[in-house]
$ cat final_11.cif   # mmCIF, C-alpha atoms and all ligand atoms
data_final
#
loop_
_atom_site.label_atom_id
_atom_site.label_comp_id
_atom_site.auth_asym_id
_atom_site.auth_seq_id
_atom_site.Cartn_x
_atom_site.Cartn_y
_atom_site.Cartn_z
CA MET A 1 -23.87 27.08 -1.50
CA PRO A 2 -20.88 25.46 -3.28
CA ARG A 3 -21.16 25.01 -7.04
CA VAL A 4 -19.49 21.88 -8.26
CA LEU A 5 -18.34 21.29 -11.83
CA LEU A 6 -19.15 17.87 -13.28
CA LEU A 7 -16.78 16.51 -15.92
CA SER A 8 -17.45 13.39 -17.96
CA GLY A 9 -14.84 10.99 -19.25
CA ARG A 10 -15.32 12.31 -22.77
CA GLU A 11 -14.70 15.87 -21.59
CA LEU A 12 -11.55 14.78 -19.75
CA GLU A 13 -10.21 13.16 -22.92
CA GLU A 14 -10.70 16.46 -24.72
CA LEU A 15 -9.15 18.58 -21.95
CA LEU A 16 -6.14 16.45 -20.99
CA SER A 17 -4.08 15.93 -24.12
CA PRO A 18 -0.55 14.49 -23.82
CA ALA A 19 0.79 17.95 -24.71
CA ILE A 20 -0.81 19.37 -21.54
CA LEU A 21 -0.84 16.51 -19.06
CA ILE A 22 2.65 14.96 -19.30
CA ASP A 23 4.48 18.07 -18.04
CA GLU A 24 1.96 18.65 -15.25
CA VAL A 25 2.20 15.06 -13.99
CA GLU A 26 5.99 15.36 -14.13
CA ARG A 27 5.82 18.44 -11.86
CA ALA A 28 3.60 16.55 -9.41
CA PHE A 29 6.14 13.69 -9.24
CA VAL A 30 8.97 16.14 -8.53
CA ALA A 31 6.90 17.78 -5.74
CA PHE A 32 6.15 14.32 -4.31
CA SER A 33 9.78 13.18 -4.25
CA GLU A 34 10.85 16.49 -2.69
CA GLY A 35 8.35 15.93 0.13
CA ARG A 36 6.21 18.94 -0.82
CA THR A 37 2.90 17.03 -1.15
CA VAL A 38 0.69 15.56 1.55
CA THR A 39 0.08 11.99 0.43
CA PRO A 40 -0.83 9.34 2.98
CA PRO A 41 -0.66 5.75 1.68
CA ARG A 42 -3.94 4.79 0.04
CA THR A 43 -6.52 2.88 2.05
CA VAL A 44 -7.15 -0.51 0.49
CA MET A 45 -10.17 -2.67 1.25
CA TRP A 46 -11.42 -5.92 -0.23
CA VAL A 47 -15.10 -6.02 -1.15
CA GLU A 48 -16.55 -9.32 -2.33
CA GLY A 49 -13.06 -10.43 -3.40
CA ASN A 50 -12.23 -7.23 -5.27
CA TRP A 51 -9.73 -4.41 -4.63
CA TRP A 52 -11.03 -0.99 -3.64
CA GLY A 53 -8.85 2.01 -2.88
CA VAL A 54 -9.36 5.47 -1.41
CA MET A 55 -6.56 7.77 -2.55
CA GLN A 56 -6.07 11.28 -1.24
CA SER A 57 -3.43 13.93 -1.81
CA TYR A 58 -2.69 17.63 -1.56
CA VAL A 59 -0.37 18.83 -4.30
CA PRO A 60 0.62 22.50 -3.81
CA GLY A 61 -0.27 24.61 -6.81
CA TYR A 62 -2.93 22.07 -7.85
CA GLY A 63 -5.38 21.16 -5.09
CA VAL A 64 -6.72 18.40 -2.88
CA GLY A 65 -7.91 15.34 -4.77
CA VAL A 66 -9.70 12.29 -3.39
CA LYS A 67 -10.38 9.25 -5.54
CA VAL A 68 -12.52 6.23 -4.78
CA VAL A 69 -11.51 3.46 -7.17
CA ASN A 70 -12.08 -0.25 -7.65
CA VAL A 71 -10.53 -2.94 -9.83
CA ILE A 72 -12.98 -5.70 -10.79
CA PRO A 73 -11.47 -7.97 -13.49
CA ALA A 74 -14.72 -10.02 -13.81
CA ASN A 75 -16.39 -6.86 -15.12
CA LEU A 76 -14.94 -7.65 -18.55
CA GLU A 77 -17.53 -10.47 -18.82
CA ARG A 78 -20.26 -8.05 -17.73
CA GLY A 79 -19.33 -5.56 -20.42
CA LEU A 80 -18.18 -3.10 -17.73
CA PRO A 81 -14.73 -1.53 -17.27
CA THR A 82 -12.21 -3.31 -15.00
CA ILE A 83 -11.47 0.00 -13.26
CA GLN A 84 -14.19 2.44 -12.18
CA ALA A 85 -13.69 5.53 -10.07
CA ILE A 86 -14.85 9.00 -9.08
CA VAL A 87 -12.42 11.83 -8.34
CA ASN A 88 -13.34 14.83 -6.19
CA LEU A 89 -11.31 18.03 -6.29
CA PHE A 90 -11.31 20.53 -3.40
CA ASP A 91 -9.92 24.03 -2.89
CA PRO A 92 -7.06 23.56 -0.39
CA THR A 93 -7.63 26.95 1.32
CA THR A 94 -11.41 27.12 1.69
CA GLY A 95 -12.04 23.39 1.60
CA SER A 96 -14.86 23.94 -0.87
CA PRO A 97 -15.57 21.12 -3.32
CA LEU A 98 -14.76 22.32 -6.85
CA ALA A 99 -15.32 19.40 -9.19
CA VAL A 100 -16.44 15.79 -9.50
CA MET A 101 -15.20 13.81 -12.46
CA ASP A 102 -15.01 10.38 -14.06
CA GLY A 103 -12.12 8.65 -12.35
CA GLY A 104 -11.81 5.76 -14.80
CA VAL A 105 -10.75 7.99 -17.68
CA LEU A 106 -8.74 10.27 -15.38
CA THR A 107 -6.82 7.23 -14.05
CA ALA A 108 -6.00 6.01 -17.54
CA LEU A 109 -4.88 9.49 -18.64
CA ARG A 110 -2.64 10.16 -15.63
CA THR A 111 -1.17 6.63 -15.77
CA GLY A 112 -0.37 7.16 -19.44
CA ALA A 113 1.23 10.49 -18.53
CA ALA A 114 3.43 8.91 -15.82
CA SER A 115 4.63 6.22 -18.23
CA ALA A 116 5.40 8.95 -20.77
CA VAL A 117 7.49 10.84 -18.19
CA SER A 118 9.48 7.63 -17.62
CA ALA A 119 9.97 7.23 -21.38
CA LYS A 120 11.15 10.85 -21.62
CA TYR A 121 14.06 10.13 -19.25
CA MET A 122 14.62 6.40 -19.73
CA ALA A 123 13.74 5.29 -23.27
CA PRO A 124 16.76 4.51 -25.41
CA ARG A 125 17.98 6.97 -28.01
CA GLU A 126 17.69 4.19 -30.58
CA ARG A 127 14.25 4.05 -32.26
CA GLY A 128 12.34 0.80 -32.63
CA PRO A 129 8.96 -0.79 -32.01
CA ILE A 130 6.86 -0.34 -28.88
CA ALA A 131 5.63 -3.70 -27.54
CA ILE A 132 2.44 -3.86 -25.49
CA VAL A 133 1.55 -6.93 -23.44
CA GLY A 134 -2.02 -6.70 -22.20
CA THR A 135 -4.13 -4.70 -24.65
CA GLY A 136 -7.12 -3.77 -22.51
CA TYR A 137 -8.34 -0.37 -21.42
CA GLN A 138 -5.09 1.15 -20.10
CA ALA A 139 -3.10 0.02 -23.13
CA ARG A 140 -4.75 2.56 -25.43
CA TYR A 141 -3.77 5.45 -23.18
CA GLN A 142 -0.31 4.00 -22.64
CA LEU A 143 0.27 3.92 -26.38
CA ARG A 144 -1.09 7.40 -27.00
CA PHE A 145 0.97 9.01 -24.21
CA VAL A 146 4.21 7.01 -24.50
CA SER A 147 4.33 7.39 -28.29
CA TYR A 148 3.96 11.15 -27.83
CA VAL A 149 7.41 11.06 -26.21
CA TYR A 150 8.92 8.04 -27.97
CA ARG A 151 7.90 8.30 -31.62
CA THR A 152 7.60 5.03 -33.51
CA ASP A 153 5.69 3.56 -36.46
CA GLU A 154 5.45 -0.03 -35.25
CA VAL A 155 3.57 -1.54 -32.34
CA ARG A 156 3.87 -5.22 -31.40
CA ILE A 157 1.06 -6.56 -29.24
CA TYR A 158 0.03 -9.63 -27.26
CA ASP A 159 -3.02 -10.38 -25.12
CA ILE A 160 -4.36 -13.69 -23.85
CA ARG A 161 -7.78 -12.62 -25.15
CA GLU A 162 -7.82 -12.62 -28.94
CA ALA A 163 -10.75 -10.16 -28.99
CA ALA A 164 -8.78 -7.63 -26.91
CA ALA A 165 -5.78 -7.88 -29.25
CA GLU A 166 -7.97 -7.55 -32.34
CA SER A 167 -9.85 -4.50 -31.11
CA PHE A 168 -6.61 -2.85 -29.94
CA LYS A 169 -5.09 -3.52 -33.37
CA GLU A 170 -7.95 -1.62 -35.02
CA TYR A 171 -7.56 1.23 -32.54
CA ALA A 172 -3.78 1.54 -33.03
CA GLU A 173 -4.13 1.31 -36.80
CA SER A 174 -6.67 4.12 -36.67
CA LEU A 175 -3.92 6.24 -35.04
CA GLY A 176 -1.61 5.38 -37.96
CA PHE A 177 0.58 2.66 -36.39
CA ARG A 178 1.65 -0.50 -38.17
CA VAL A 179 0.53 -3.25 -35.77
CA VAL A 180 1.99 -6.75 -35.44
CA LYS A 181 -0.24 -9.12 -33.47
CA CYS A 182 1.91 -11.76 -31.75
CA ARG A 183 1.22 -15.23 -30.31
CA SER A 184 3.15 -14.75 -27.09
CA ALA A 185 4.62 -12.06 -24.87
CA ALA A 186 8.10 -13.28 -25.86
CA GLU A 187 7.34 -12.72 -29.55
CA ALA A 188 5.83 -9.27 -28.94
CA VAL A 189 8.80 -8.11 -26.87
CA GLU A 190 11.41 -9.37 -29.36
CA GLY A 191 13.34 -6.42 -30.80
CA ALA A 192 11.14 -3.82 -29.08
CA ARG A 193 12.92 -0.75 -27.68
CA VAL A 194 10.05 0.16 -25.34
CA VAL A 195 8.02 -2.59 -23.66
CA ILE A 196 4.75 -1.78 -21.91
CA GLU A 197 3.12 -4.31 -19.58
CA ALA A 198 -0.54 -3.47 -18.89
CA THR A 199 -2.10 -6.76 -17.81
CA THR A 200 -4.14 -8.03 -14.89
CA THR A 201 -1.73 -10.94 -14.37
CA ARG A 202 -0.50 -12.11 -10.97
CA THR A 203 2.47 -14.07 -12.35
CA PRO A 204 5.33 -12.74 -14.52
CA VAL A 205 4.49 -12.07 -18.17
CA ILE A 206 7.74 -10.23 -18.97
CA GLU A 207 10.82 -12.35 -18.47
CA GLY A 208 14.35 -11.00 -18.61
CA ARG A 209 15.31 -13.52 -21.29
CA TYR A 210 12.77 -11.97 -23.71
CA LEU A 211 14.45 -8.55 -23.57
CA SER A 212 17.01 -7.34 -26.09
CA ARG A 213 19.22 -4.26 -25.63
CA PRO A 214 18.53 -1.41 -25.35
CA THR A 215 15.03 -1.51 -23.89
CA HIS A 216 12.93 0.52 -21.54
CA VAL A 217 10.32 -1.61 -19.72
CA ILE A 218 7.22 0.09 -18.33
CA SER A 219 5.13 -2.08 -16.03
CA ILE A 220 1.80 -0.81 -14.68
CA GLY A 221 0.10 -4.10 -13.70
CA ALA A 222 0.50 -6.38 -10.64
CA HIS A 223 -0.70 -3.95 -8.00
CA MET A 224 -0.93 -6.48 -5.17
CA ARG A 225 1.69 -7.52 -2.60
CA ASP A 226 2.13 -11.00 -4.03
CA ALA A 227 1.45 -10.26 -7.70
CA ARG A 228 4.27 -9.99 -10.23
CA ALA A 229 4.36 -8.99 -13.87
CA LEU A 230 8.19 -9.05 -14.19
CA ASP A 231 10.43 -11.99 -13.30
CA ASP A 232 13.63 -11.81 -11.24
CA ASP A 233 15.79 -11.69 -14.38
CA ALA A 234 13.98 -8.65 -15.78
CA ILE A 235 14.76 -6.84 -12.52
CA SER A 236 18.36 -8.02 -12.16
CA LEU A 237 19.25 -7.24 -15.79
CA ALA A 238 18.09 -3.63 -15.39
CA GLU A 239 20.79 -0.97 -15.06
CA THR A 240 18.21 1.29 -13.40
CA VAL A 241 14.93 0.54 -11.64
CA VAL A 242 12.67 3.55 -11.22
CA VAL A 243 9.33 3.55 -9.39
CA ASP A 244 6.59 6.05 -8.69
CA SER A 245 7.03 5.77 -4.90
CA ARG A 246 9.54 3.57 -3.02
CA GLU A 247 7.15 3.31 -0.09
CA ALA A 248 4.14 2.37 -2.22
CA VAL A 249 5.87 -0.27 -4.37
CA MET A 250 7.22 -2.04 -1.28
CA LEU A 251 3.69 -2.23 0.11
CA GLU A 252 1.73 -2.80 -3.07
CA THR A 253 3.56 -4.91 -5.66
CA GLY A 254 5.53 -8.13 -5.62
CA ASP A 255 7.56 -6.80 -8.56
CA ILE A 256 9.77 -4.77 -6.23
CA ARG A 257 9.00 -6.22 -2.76
CA ILE A 258 9.91 -9.82 -3.65
CA PRO A 259 13.27 -9.08 -5.39
CA VAL A 260 14.20 -6.78 -2.47
CA GLU A 261 13.35 -9.46 0.08
CA ARG A 262 15.29 -12.06 -1.93
CA GLY A 263 18.34 -9.77 -2.07
CA ILE A 264 18.20 -9.50 -5.89
CA LEU A 265 17.56 -5.77 -5.65
CA THR A 266 18.60 -3.29 -2.98
CA LEU A 267 16.38 -0.30 -2.27
CA ASP A 268 19.27 2.15 -2.71
CA ARG A 269 19.31 1.09 -6.38
CA VAL A 270 15.63 2.02 -6.74
CA SER A 271 14.99 5.65 -7.74
CA GLU A 272 11.73 7.57 -7.82
CA LEU A 273 10.42 9.12 -11.01
CA GLY A 274 10.40 12.53 -9.32
CA GLU A 275 14.11 12.15 -8.46
CA VAL A 276 14.89 11.31 -12.07
CA ALA A 277 12.78 14.18 -13.43
CA SER A 278 14.49 16.69 -11.10
CA GLY A 279 17.94 15.44 -12.16
CA ARG A 280 18.90 14.06 -8.72
CA ARG A 281 19.11 10.46 -9.99
CA ARG A 282 19.70 9.08 -13.46
CA GLY A 283 17.01 7.17 -15.34
CA ARG A 284 19.36 5.66 -17.94
CA LEU A 285 23.08 5.07 -17.60
CA THR A 286 24.12 3.73 -21.02
CA ASP A 287 22.83 3.66 -24.61
CA GLU A 288 22.64 -0.14 -24.53
CA GLY A 289 21.05 -0.73 -21.13
CA ILE A 290 17.78 -2.23 -20.00
CA THR A 291 15.79 0.09 -17.75
CA VAL A 292 12.61 -0.58 -15.75
CA PHE A 293 9.86 1.77 -14.63
CA LYS A 294 7.37 0.17 -12.22
CA SER A 295 4.29 2.04 -11.09
CA VAL A 296 1.39 1.24 -8.81
CA GLY A 297 -0.27 4.65 -9.16
CA LEU A 298 -0.21 7.57 -6.74
CA ALA A 299 -2.88 9.95 -5.49
CA ILE A 300 -0.68 12.91 -6.51
CA GLN A 301 -1.33 12.01 -10.14
CA ASP A 302 -5.09 12.12 -9.62
CA ALA A 303 -5.02 15.38 -7.65
CA ALA A 304 -2.78 17.12 -10.20
CA ALA A 305 -4.64 15.76 -13.23
CA ALA A 306 -8.02 16.70 -11.71
CA ALA A 307 -6.81 20.24 -11.00
CA VAL A 308 -5.49 20.62 -14.54
CA ALA A 309 -8.80 19.32 -15.94
CA TYR A 310 -10.69 21.83 -13.77
CA ARG A 311 -8.41 24.70 -14.85
CA GLU A 312 -8.75 23.79 -18.53
CA ALA A 313 -12.52 23.28 -18.23
CA LEU A 314 -12.95 26.79 -16.77
CA ARG A 315 -10.74 28.27 -19.48
CA ARG A 316 -12.64 26.51 -22.27
CA GLY A 317 -16.16 26.57 -20.80
CA VAL A 318 -16.48 22.78 -20.61
CA GLY A 319 -18.67 20.84 -18.09
CA ARG A 320 -21.91 21.44 -16.17
CA TYR A 321 -22.36 22.99 -12.74
CA VAL A 322 -24.57 21.64 -9.98
CA ASP A 323 -25.45 23.54 -6.81
CA LEU A 324 -24.95 21.26 -3.84
N1 LIG A 401 0.17 1.69 -12.21
C1 LIG A 401 -0.91 2.41 -12.31
O1 LIG A 401 -0.90 3.59 -12.01
C2 LIG A 401 -2.16 1.77 -12.82
C3 LIG A 401 -3.27 2.55 -13.14
C4 LIG A 401 -4.38 1.94 -13.71
C5 LIG A 401 -4.39 0.57 -13.90
N2 LIG A 401 -3.30 -0.16 -13.55
C6 LIG A 401 -3.28 -1.60 -13.76
O2 LIG A 401 -3.19 -1.84 -15.16
C7 LIG A 401 -3.64 -3.17 -15.41
C8 LIG A 401 -4.56 -3.17 -16.64
O3 LIG A 401 -5.74 -2.45 -16.35
P1 LIG A 401 -6.90 -2.30 -17.45
O4 LIG A 401 -7.84 -1.29 -16.94
O5 LIG A 401 -6.29 -2.11 -18.77
O6 LIG A 401 -7.54 -3.74 -17.38
P2 LIG A 401 -8.23 -4.55 -18.60
O7 LIG A 401 -8.90 -5.70 -17.95
O8 LIG A 401 -9.03 -3.61 -19.44
O9 LIG A 401 -6.99 -5.04 -19.48
C9 LIG A 401 -6.08 -6.00 -19.02
C10 LIG A 401 -5.72 -6.88 -20.20
O10 LIG A 401 -4.66 -7.76 -19.81
C11 LIG A 401 -4.92 -9.00 -20.45
N3 LIG A 401 -4.14 -10.03 -19.74
C12 LIG A 401 -4.38 -10.54 -18.51
N4 LIG A 401 -3.42 -11.46 -18.22
C13 LIG A 401 -2.58 -11.50 -19.29
C14 LIG A 401 -1.41 -12.24 -19.59
N5 LIG A 401 -0.91 -13.12 -18.73
N6 LIG A 401 -0.80 -12.02 -20.79
C15 LIG A 401 -1.29 -11.13 -21.68
N7 LIG A 401 -2.42 -10.40 -21.45
C16 LIG A 401 -3.04 -10.58 -20.26
C17 LIG A 401 -6.41 -9.18 -20.36
O11 LIG A 401 -6.89 -10.13 -21.30
C18 LIG A 401 -6.90 -7.75 -20.67
O12 LIG A 401 -7.13 -7.54 -22.04
C19 LIG A 401 -4.34 -3.64 -14.13
O13 LIG A 401 -3.47 -4.49 -13.44
C20 LIG A 401 -4.52 -2.36 -13.36
O14 LIG A 401 -4.58 -2.55 -11.97
C21 LIG A 401 -2.20 0.41 -13.02
#
$ encode --input "final_11.cif" --output "structure tokens"
Amino acid sequence: MPRVLLLSGRELEELLSPAILIDEVERAFVAFSEGRTVTPPRTVMWVEGNWWGVMQSYVPGYGVGVKVVNVIPANLERGLPTIQAIVNLFDPTTGSPLAVMDGGVLTALRTGAASAVSAKYMAPRERGPIAIVGTGYQARYQLRFVSYVYRTDEVRIYDIREAAAESFKEYAESLGFRVVKCRSAAEAVEGARVVIEATTTRTPVIEGRYLSRPTHVISIGAHMRDARALDDDAISLAETVVVDSREAVMLETGDIRIPVERGILTLDRVSELGEVASGRRRGRLTDEGITVFKSVGLAIQDAAAAAVAYREALRRGVGRYVDL
């Protein structure tokens, strides 16, 4: 009878620190871009107007991970998270289920780790503020992981909901950052050297004209075919555009699909994070350039992060077993 380890969100936070997770997620991206993982495109379905995804991947050296995830923006008014998920981890050889864990926290952790990998290769040498537009759930993890790689004292923030900006300000101050709450995205982005977009917008919130040089833009929102978080200028000003998966971004976000279809961007100019991390493509060309990392999220991140959580939980005796 298989014994399955249950891991809560709180336990995952404890097990998957930036010091552990960033390097592991980087390895998973390299394996993905070298074609060593098995990662079919995620299955997307719409349920009562909301996005649901089933994401599965085998990452050699880690395991088989399957995530069921939904994104329900109206949950904010219900006092529930926008993103909820469960991740299952399986042994790739025996097929036995190994662990079941909170996928909401795991998603935020692995997304933070991917953004941090982009900052490692693409953030400018020059130090300056990190700007965050959209200060909801993901933003906290984005700040914690990206600032692990790109150290800064100052964070500039903007959110259309005053309450979200205020509570994020308290959170970031508790981590020791000086926080400047701004009245617009343009004001937040002004003078920032790293810009993080983490909104649920469908229309551009980061415009090229807001950006000063050098800047690294990280955009994790706009995960639908027609949705955009970045305008055409932000894309055309970029000396490099890096994505998690060329195939996935063309299917799943207007931020890359629309500029490609309009001829503003050619796909041969778009690199994958795994190609940058392995040294095959360059993430930043000049000290003064604007660079863009766009992600929609890949199942490899969940499978690798779940396997690392399982490994660390066994090592540290964390979690509870259930016999199935
Ligand atoms: N790329 C990835 O791997 C990945 C992973 C997880 C989540 N996401 C995406 O990240 C985004 C944020 O997710 P979340 O869980 O933090 O959601 P959330 O609802 O907790 O936070 C989103 C925040 O954006 C704010 N916002 C919405 N429109 C805005 C605008 N025009 N200007 C400024 N602020 C605005 C909202 O008020 C809210 O505070 C979603 O689009 C989600 O799909 C991407």
$ residues_near_point --input "final_11.cif" --point "(-1.9, 16.2, -26.0)" --cutoff "12 Å" --atoms "only C-alpha atoms" --output "VMD selection string"
chain A and resid 12 to 24 109 112 to 113 116 141 144 to 149
$ axis_aligned_box --input "final_11.cif" --around "region 219-233 of chain A" --padding-each-side "4 Å" --output "AutoDock Vina command-line options"
--center_x 7.4 --center_y -6.4 --center_z -9.3 --size_x 24.7 --size_y 19.2 --size_z 21.4
$ residues_around --input "final_11.cif" --residues "region 242-250 of chain A" --least-positions-apart "4" --cutoff "6 Å" --atoms "only C-alpha atoms" --output "MDAnalysis selection string"
chainID A and resid 257 270:273 293:295
$ residues_around --input "final_11.cif" --residues "Ile72 (chain A)" --least-positions-apart "6" --cutoff "12 Å" --atoms "only C-alpha atoms" --output "NGL selection string"
:A and (46-53 or 78-85 or 200)
$ residues_near_ligand --input "final_11.cif" --ligand "ligand LIG 401 (chain A)" --cutoff "8 Å" --atoms "all atoms listed in the file" --output "PDB file with C-alpha atoms, in the frame of the given file"
ATOM      1  CA  VAL A  71     -10.530  -2.940  -9.830  1.00  0.00           C
ATOM      2  CA  PRO A  73     -11.470  -7.970 -13.490  1.00  0.00           C
ATOM      3  CA  LEU A  76     -14.940  -7.650 -18.550  1.00  0.00           C
ATOM      4  CA  PRO A  81     -14.730  -1.530 -17.270  1.00  0.00           C
ATOM      5  CA  THR A  82     -12.210  -3.310 -15.000  1.00  0.00           C
ATOM      6  CA  ILE A  83     -11.470   0.000 -13.260  1.00  0.00           C
ATOM      7  CA  THR A 107      -6.820   7.230 -14.050  1.00  0.00           C
ATOM      8  CA  ALA A 108      -6.000   6.010 -17.540  1.00  0.00           C
ATOM      9  CA  ARG A 110      -2.640  10.160 -15.630  1.00  0.00           C
ATOM     10  CA  THR A 111      -1.170   6.630 -15.770  1.00  0.00           C
ATOM     11  CA  ALA A 114       3.430   8.910 -15.820  1.00  0.00           C
ATOM     12  CA  VAL A 133       1.550  -6.930 -23.440  1.00  0.00           C
ATOM     13  CA  GLY A 134      -2.020  -6.700 -22.200  1.00  0.00           C
ATOM     14  CA  THR A 135      -4.130  -4.700 -24.650  1.00  0.00           C
ATOM     15  CA  GLY A 136      -7.120  -3.770 -22.510  1.00  0.00           C
ATOM     16  CA  TYR A 137      -8.340  -0.370 -21.420  1.00  0.00           C
ATOM     17  CA  GLN A 138      -5.090   1.150 -20.100  1.00  0.00           C
ATOM     18  CA  ALA A 139      -3.100   0.020 -23.130  1.00  0.00           C
ATOM     19  CA  TYR A 158       0.030  -9.630 -27.260  1.00  0.00           C
ATOM     20  CA  ASP A 159      -3.020 -10.380 -25.120  1.00  0.00           C
ATOM     21  CA  ILE A 160      -4.360 -13.690 -23.850  1.00  0.00           C
ATOM     22  CA  ARG A 161      -7.780 -12.620 -25.150  1.00  0.00           C
ATOM     23  CA  ALA A 164      -8.780  -7.630 -26.910  1.00  0.00           C
ATOM     24  CA  ALA A 165      -5.780  -7.880 -29.250  1.00  0.00           C
ATOM     25  CA  SER A 184       3.150 -14.750 -27.090  1.00  0.00           C
ATOM     26  CA  ALA A 185       4.620 -12.060 -24.870  1.00  0.00           C
ATOM     27  CA  ALA A 198      -0.540  -3.470 -18.890  1.00  0.00           C
ATOM     28  CA  THR A 199      -2.100  -6.760 -17.810  1.00  0.00           C
ATOM     29  CA  THR A 200      -4.140  -8.030 -14.890  1.00  0.00           C
ATOM     30  CA  THR A 201      -1.730 -10.940 -14.370  1.00  0.00           C
ATOM     31  CA  ARG A 202      -0.500 -12.110 -10.970  1.00  0.00           C
ATOM     32  CA  THR A 203       2.470 -14.070 -12.350  1.00  0.00           C
ATOM     33  CA  PRO A 204       5.330 -12.740 -14.520  1.00  0.00           C
ATOM     34  CA  VAL A 205       4.490 -12.070 -18.170  1.00  0.00           C
ATOM     35  CA  SER A 219       5.130  -2.080 -16.030  1.00  0.00           C
ATOM     36  CA  ILE A 220       1.800  -0.810 -14.680  1.00  0.00           C
ATOM     37  CA  GLY A 221       0.100  -4.100 -13.700  1.00  0.00           C
ATOM     38  CA  ALA A 222       0.500  -6.380 -10.640  1.00  0.00           C
ATOM     39  CA  HIS A 223      -0.700  -3.950  -8.000  1.00  0.00           C
ATOM     40  CA  LYS A 294       7.370   0.170 -12.220  1.00  0.00           C
ATOM     41  CA  SER A 295       4.290   2.040 -11.090  1.00  0.00           C
ATOM     42  CA  VAL A 296       1.390   1.240  -8.810  1.00  0.00           C
ATOM     43  CA  GLY A 297      -0.270   4.650  -9.160  1.00  0.00           C
ATOM     44  CA  LEU A 298      -0.210   7.570  -6.740  1.00  0.00           C
TER      45      LEU A 298
END
$ decode --input "final_11.cif" --residues "region 178-195 of chain A" --atoms "N, CA and C atoms" --output "PDB file, in the first residue's frame"
ATOM      1  N   ARG A 178      13.064  49.636   2.343  1.00  0.00           N
ATOM      2  CA  ARG A 178      12.423  50.953   2.352  1.00  0.00           C
ATOM      3  C   ARG A 178      11.411  50.927   1.205  1.00  0.00           C
ATOM      4  N   VAL A 179      10.138  51.243   1.498  1.00  0.00           N
ATOM      5  CA  VAL A 179       9.091  51.058   0.484  1.00  0.00           C
ATOM      6  C   VAL A 179       8.479  52.400   0.097  1.00  0.00           C
ATOM      7  N   VAL A 180       8.418  52.645  -1.218  1.00  0.00           N
ATOM      8  CA  VAL A 180       7.784  53.867  -1.722  1.00  0.00           C
ATOM      9  C   VAL A 180       6.501  53.448  -2.434  1.00  0.00           C
ATOM     10  N   LYS A 181       5.361  53.894  -1.877  1.00  0.00           N
ATOM     11  CA  LYS A 181       4.069  53.553  -2.481  1.00  0.00           C
ATOM     12  C   LYS A 181       3.757  54.623  -3.534  1.00  0.00           C
ATOM     13  N   CYS A 182       3.476  54.199  -4.760  1.00  0.00           N
ATOM     14  CA  CYS A 182       3.320  55.164  -5.861  1.00  0.00           C
ATOM     15  C   CYS A 182       1.874  55.226  -6.339  1.00  0.00           C
ATOM     16  N   ARG A 183       1.547  56.311  -7.085  1.00  0.00           N
ATOM     17  CA  ARG A 183       0.157  56.506  -7.526  1.00  0.00           C
ATOM     18  C   ARG A 183      -0.113  55.952  -8.919  1.00  0.00           C
ATOM     19  N   SER A 184       0.936  55.489  -9.578  1.00  0.00           N
ATOM     20  CA  SER A 184       0.732  54.907 -10.913  1.00  0.00           C
ATOM     21  C   SER A 184       1.875  53.931 -11.187  1.00  0.00           C
ATOM     22  N   ALA A 185       1.658  53.109 -12.213  1.00  0.00           N
ATOM     23  CA  ALA A 185       2.732  52.185 -12.614  1.00  0.00           C
ATOM     24  C   ALA A 185       3.923  52.990 -13.118  1.00  0.00           C
ATOM     25  N   ALA A 186       3.636  54.078 -13.854  1.00  0.00           N
ATOM     26  CA  ALA A 186       4.716  54.898 -14.418  1.00  0.00           C
ATOM     27  C   ALA A 186       5.616  55.431 -13.300  1.00  0.00           C
ATOM     28  N   GLU A 187       4.994  55.896 -12.227  1.00  0.00           N
ATOM     29  CA  GLU A 187       5.767  56.460 -11.115  1.00  0.00           C
ATOM     30  C   GLU A 187       6.588  55.359 -10.408  1.00  0.00           C
ATOM     31  N   ALA A 188       5.996  54.187 -10.265  1.00  0.00           N
ATOM     32  CA  ALA A 188       6.706  53.098  -9.578  1.00  0.00           C
ATOM     33  C   ALA A 188       7.941  52.669 -10.368  1.00  0.00           C
ATOM     34  N   VAL A 189       7.779  52.627 -11.686  1.00  0.00           N
ATOM     35  CA  VAL A 189       8.828  52.095 -12.561  1.00  0.00           C
ATOM     36  C   VAL A 189       9.985  53.093 -12.744  1.00  0.00           C
ATOM     37  N   GLU A 190       9.677  54.375 -12.518  1.00  0.00           N
ATOM     38  CA  GLU A 190      10.668  55.433 -12.758  1.00  0.00           C
ATOM     39  C   GLU A 190      11.957  55.170 -11.963  1.00  0.00           C
ATOM     40  N   GLY A 191      13.053  55.052 -12.667  1.00  0.00           N
ATOM     41  CA  GLY A 191      14.362  54.901 -12.019  1.00  0.00           C
ATOM     42  C   GLY A 191      14.641  53.506 -11.470  1.00  0.00           C
ATOM     43  N   ALA A 192      13.683  52.579 -11.628  1.00  0.00           N
ATOM     44  CA  ALA A 192      13.920  51.223 -11.113  1.00  0.00           C
ATOM     45  C   ALA A 192      14.868  50.471 -12.046  1.00  0.00           C
ATOM     46  N   ARG A 193      15.695  49.628 -11.477  1.00  0.00           N
ATOM     47  CA  ARG A 193      16.638  48.837 -12.297  1.00  0.00           C
ATOM     48  C   ARG A 193      16.086  47.439 -12.547  1.00  0.00           C
ATOM     49  N   VAL A 194      15.168  46.990 -11.689  1.00  0.00           N
ATOM     50  CA  VAL A 194      14.445  45.739 -11.939  1.00  0.00           C
ATOM     51  C   VAL A 194      12.962  46.065 -11.765  1.00  0.00           C
ATOM     52  N   VAL A 195      12.160  45.684 -12.755  1.00  0.00           N
ATOM     53  CA  VAL A 195      10.718  45.950 -12.725  1.00  0.00           C
ATOM     54  C   VAL A 195       9.997  44.610 -12.746  1.00  0.00           C
TER      55      VAL A 195
END
